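Working notes, structure below.
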Amino acid sequence: MHLDHSESFPQRHTYSADPLRPDGSRRALRVGLGGPVGSGKTATVAALCRTLRDRWQIAAVTNDIYTREDAEYLRREAVLPPERITAVETGACPHTAIRDDISANLEAVEHLEETLHPLDLVLVESGGDNLTATFSKGLVDVQIFVIDVASGDDIPRKGGPGITTADLLIVNKTDLAPHVGADLDTMAVDAKRQRGDLPVIFTSLTSDDGIREVADWVTGHLAQWRAGAVAV
Ligand SMILES: Nc1nc2c(ncn2[C@@H]2O[C@H](COP(=O)(O)OP(=O)(O)OP(=O)(O)O)[C@@H](O)[C@H]2O)c(=O)[nH]1
């Protein structure tokens, strides 16, 4: 059964996770990464871990429907020590596990926080989904939506909550634009129209340091979070 109905889950987006630990300090910032299948979510998580791991204490939770492939990839690439990477097998539509019944993901995040205390940043990667997928605010504090140019340069125009409301939109695989006839200027104009002042970053993760702008964005949010300036 497909449970993606607001009437079934009227509580969606109506509560927030407590930002404080029992000792009064701020818990880790939780950043969700969602987006269509194959857009580059795992590659973004891997690149963020490589770039930020010397400065911050990081852990990651991955979601796959029937496997643990994304976590295995991150462990194989040694982007973090293996105990800092947890796989959640959702067994159903990926958005159900990040929005409607977040218990398995929340348990994984809280377990990492307890066993690896103190963490600064937890990255939660959704399984690949469609343009409607967003995270519950009870699971993550900020959300990144990752699309790619190879899936069509009309994707930003199509909108949907991921594109219109995510705190950051990443348009990945810009290196492929000339090969697939994607017009990056059109994508930028459409994204701006859909998102107003919300930020959009174009990335190519095959380039050296292609993640830099995104890493700086995450660092900026983390600094605000630690200063208590991010509302949840
Ligand atoms: N050319 C190019 N390939 C990329 C880029 N980023 C990721 N890829 C490749 O795209 C493929 C999919 O990337 P992933 O990071 O696994 O995508 P994903 O969104 O995590 O995929 P799912 O978890 O299956 O939804 C892989 O073969 C990556 O190496 C990029 O910027 N440019």
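Labels for the structure tokens follow display order: chains A, B, ..., residues from 1 in each chain, ligands from 1.
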**Request:** Enumerate, as number ranges by chain, the complete set of residues in chain A that a backbone-based DSSP assignment places in strand (DSSP E).
**Result:** A: 29-34, 58-64, 85-89, 121-125, 142-148, 168-172, 200-202
Tell me, counting only C-alpha atoms and all ligand atoms, for each residue of chain A within 9 Å of ligand 1, which pair of atoms is nearest and how far apart they are in Å to one decimal, in rows ordered by chain and increasing number, as JSON lines.
{"residue": "A:Gly34", "atom": "CA", "partner": "ligand 1", "partner_atom_place_in_ligand_line": "19 (O)", "distance": 7.9}
{"residue": "A:Gly35", "atom": "CA", "partner": "ligand 1", "partner_atom_place_in_ligand_line": "19 (O)", "distance": 6.6}
{"residue": "A:Pro36", "atom": "CA", "partner": "ligand 1", "partner_atom_place_in_ligand_line": "25 (O)", "distance": 5.9}
{"residue": "A:Val37", "atom": "CA", "partner": "ligand 1", "partner_atom_place_in_ligand_line": "25 (O)", "distance": 3.3}
{"residue": "A:Gly38", "atom": "CA", "partner": "ligand 1", "partner_atom_place_in_ligand_line": "21 (O)", "distance": 3.3}
{"residue": "A:Ser39", "atom": "CA", "partner": "ligand 1", "partner_atom_place_in_ligand_line": "19 (O)", "distance": 4.0}
{"residue": "A:Gly40", "atom": "CA", "partner": "ligand 1", "partner_atom_place_in_ligand_line": "15 (O)", "distance": 3.3}
{"residue": "A:Lys41", "atom": "CA", "partner": "ligand 1", "partner_atom_place_in_ligand_line": "20 (O)", "distance": 3.8}
{"residue": "A:Thr42", "atom": "CA", "partner": "ligand 1", "partner_atom_place_in_ligand_line": "20 (O)", "distance": 3.7}
{"residue": "A:Ala43", "atom": "CA", "partner": "ligand 1", "partner_atom_place_in_ligand_line": "15 (O)", "distance": 3.7}
{"residue": "A:Thr44", "atom": "CA", "partner": "ligand 1", "partner_atom_place_in_ligand_line": "15 (O)", "distance": 6.4}
{"residue": "A:Val45", "atom": "CA", "partner": "ligand 1", "partner_atom_place_in_ligand_line": "15 (O)", "distance": 7.9}
{"residue": "A:Ala46", "atom": "CA", "partner": "ligand 1", "partner_atom_place_in_ligand_line": "15 (O)", "distance": 8.2}
{"residue": "A:Thr62", "atom": "CA", "partner": "ligand 1", "partner_atom_place_in_ligand_line": "23 (O)", "distance": 8.6}
{"residue": "A:Asn63", "atom": "CA", "partner": "ligand 1", "partner_atom_place_in_ligand_line": "23 (O)", "distance": 7.9}
{"residue": "A:Asp64", "atom": "CA", "partner": "ligand 1", "partner_atom_place_in_ligand_line": "23 (O)", "distance": 7.1}
{"residue": "A:Glu69", "atom": "CA", "partner": "ligand 1", "partner_atom_place_in_ligand_line": "23 (O)", "distance": 8.3}
{"residue": "A:Asp70", "atom": "CA", "partner": "ligand 1", "partner_atom_place_in_ligand_line": "23 (O)", "distance": 6.3}
{"residue": "A:Tyr73", "atom": "CA", "partner": "ligand 1", "partner_atom_place_in_ligand_line": "16 (O)", "distance": 8.7}
{"residue": "A:Glu125", "atom": "CA", "partner": "ligand 1", "partner_atom_place_in_ligand_line": "20 (O)", "distance": 7.9}
{"residue": "A:Ser126", "atom": "CA", "partner": "ligand 1", "partner_atom_place_in_ligand_line": "23 (O)", "distance": 7.5}
{"residue": "A:Gly127", "atom": "CA", "partner": "ligand 1", "partner_atom_place_in_ligand_line": "25 (O)", "distance": 5.4}
{"residue": "A:Gly128", "atom": "CA", "partner": "ligand 1", "partner_atom_place_in_ligand_line": "25 (O)", "distance": 3.4}
{"residue": "A:Asp129", "atom": "CA", "partner": "ligand 1", "partner_atom_place_in_ligand_line": "25 (O)", "distance": 7.0}
{"residue": "A:Val146", "atom": "CA", "partner": "ligand 1", "partner_atom_place_in_ligand_line": "19 (O)", "distance": 7.3}
{"residue": "A:Ile147", "atom": "CA", "partner": "ligand 1", "partner_atom_place_in_ligand_line": "19 (O)", "distance": 8.1}
{"residue": "A:Asp148", "atom": "CA", "partner": "ligand 1", "partner_atom_place_in_ligand_line": "31 (O)", "distance": 8.0}
{"residue": "A:Ala150", "atom": "CA", "partner": "ligand 1", "partner_atom_place_in_ligand_line": "1 (N)", "distance": 8.8}
{"residue": "A:Val171", "atom": "CA", "partner": "ligand 1", "partner_atom_place_in_ligand_line": "31 (O)", "distance": 8.9}
{"residue": "A:Asn172", "atom": "CA", "partner": "ligand 1", "partner_atom_place_in_ligand_line": "31 (O)", "distance": 5.2}
{"residue": "A:Lys173", "atom": "CA", "partner": "ligand 1", "partner_atom_place_in_ligand_line": "31 (O)", "distance": 3.4}
{"residue": "A:Thr174", "atom": "CA", "partner": "ligand 1", "partner_atom_place_in_ligand_line": "31 (O)", "distance": 6.3}
{"residue": "A:Asp175", "atom": "CA", "partner": "ligand 1", "partner_atom_place_in_ligand_line": "32 (N)", "distance": 5.8}
{"residue": "A:Leu176", "atom": "CA", "partner": "ligand 1", "partner_atom_place_in_ligand_line": "1 (N)", "distance": 5.7}
{"residue": "A:Thr203", "atom": "CA", "partner": "ligand 1", "partner_atom_place_in_ligand_line": "31 (O)", "distance": 6.1}
{"residue": "A:Ser204", "atom": "CA", "partner": "ligand 1", "partner_atom_place_in_ligand_line": "31 (O)", "distance": 3.6}
{"residue": "A:Leu205", "atom": "CA", "partner": "ligand 1", "partner_atom_place_in_ligand_line": "31 (O)", "distance": 3.6}
{"residue": "A:Thr206", "atom": "CA", "partner": "ligand 1", "partner_atom_place_in_ligand_line": "31 (O)", "distance": 5.1}
{"residue": "A:Ser207", "atom": "CA", "partner": "ligand 1", "partner_atom_place_in_ligand_line": "31 (O)", "distance": 7.5}
{"residue": "A:Gly210", "atom": "CA", "partner": "ligand 1", "partner_atom_place_in_ligand_line": "31 (O)", "distance": 7.9}
**Item:** helix (DSSP H, G or I) call set, DSSP backbone run, range 53-209 of chain A, as a ChimeraX atom specification
**Value:** /A:69-76,82-84,94-100,103-115,149-151,155-158,161-165,174-180,184-195
**Message:** I want to know what sits within 9 Å of Met187 in chain A, based on only C-alpha atoms, with residues of the same chain fewer than 2 positions away left out; could you give that as an NGL selection string?
**Reply:** :A and (149 or 153-157 or 171 or 182-185 or 189-192)
Go ahead and save the picked residues with C-alpha atoms, as a compact mmCIF listing (two decimals), in the first residue's frame.
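File result_10.txt, as written:
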# COMPACT_ATOMS: atom_id res chain seq x y z
CA VAL A 149 21.53 18.01 -15.88
CA ASP A 153 17.13 20.66 -18.43
CA ASP A 154 13.38 21.07 -17.88
CA ILE A 155 13.52 19.50 -14.38
CA PRO A 156 13.75 22.85 -12.49
CA ARG A 157 10.76 24.12 -14.48
CA VAL A 171 22.18 20.93 -10.05
CA ALA A 182 21.35 20.75 -21.49
CA ASP A 183 21.09 24.55 -21.29
CA LEU A 184 22.47 25.56 -17.88
CA ASP A 185 21.29 29.17 -18.22
CA VAL A 189 16.47 30.94 -14.71
CA ASP A 190 13.82 28.27 -14.07
CA ALA A 191 15.31 27.40 -10.68
CA LYS A 192 15.32 31.08 -9.69
**Request:** Find the residues around Arg75 in chain A up to 10 Å (only C-alpha atoms counted), leave out those fewer than 5 positions away in its own chain, and share them as a count of residues only.
**Result:** 10
Rows by chain and residue number, range 102-133 of chain A within 10 Å of range 49-55 of chain A, shortest pair, only C-alpha atoms, as JSON lines:
{"residue": "A:Asp120", "atom": "CA", "partner": "A:Arg55", "partner_atom": "CA", "distance": 9.6}
{"residue": "A:Leu121", "atom": "CA", "partner": "A:Leu52", "partner_atom": "CA", "distance": 9.6}
{"residue": "A:Leu123", "atom": "CA", "partner": "A:Cys49", "partner_atom": "CA", "distance": 9.0}
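With only C-alpha atoms as the atoms that count, the minimum distance from Ala108 in chain A to the choices A:Ile211, A:Ile163, A:Ala60, A:Val79 is reached by A:Ala60.
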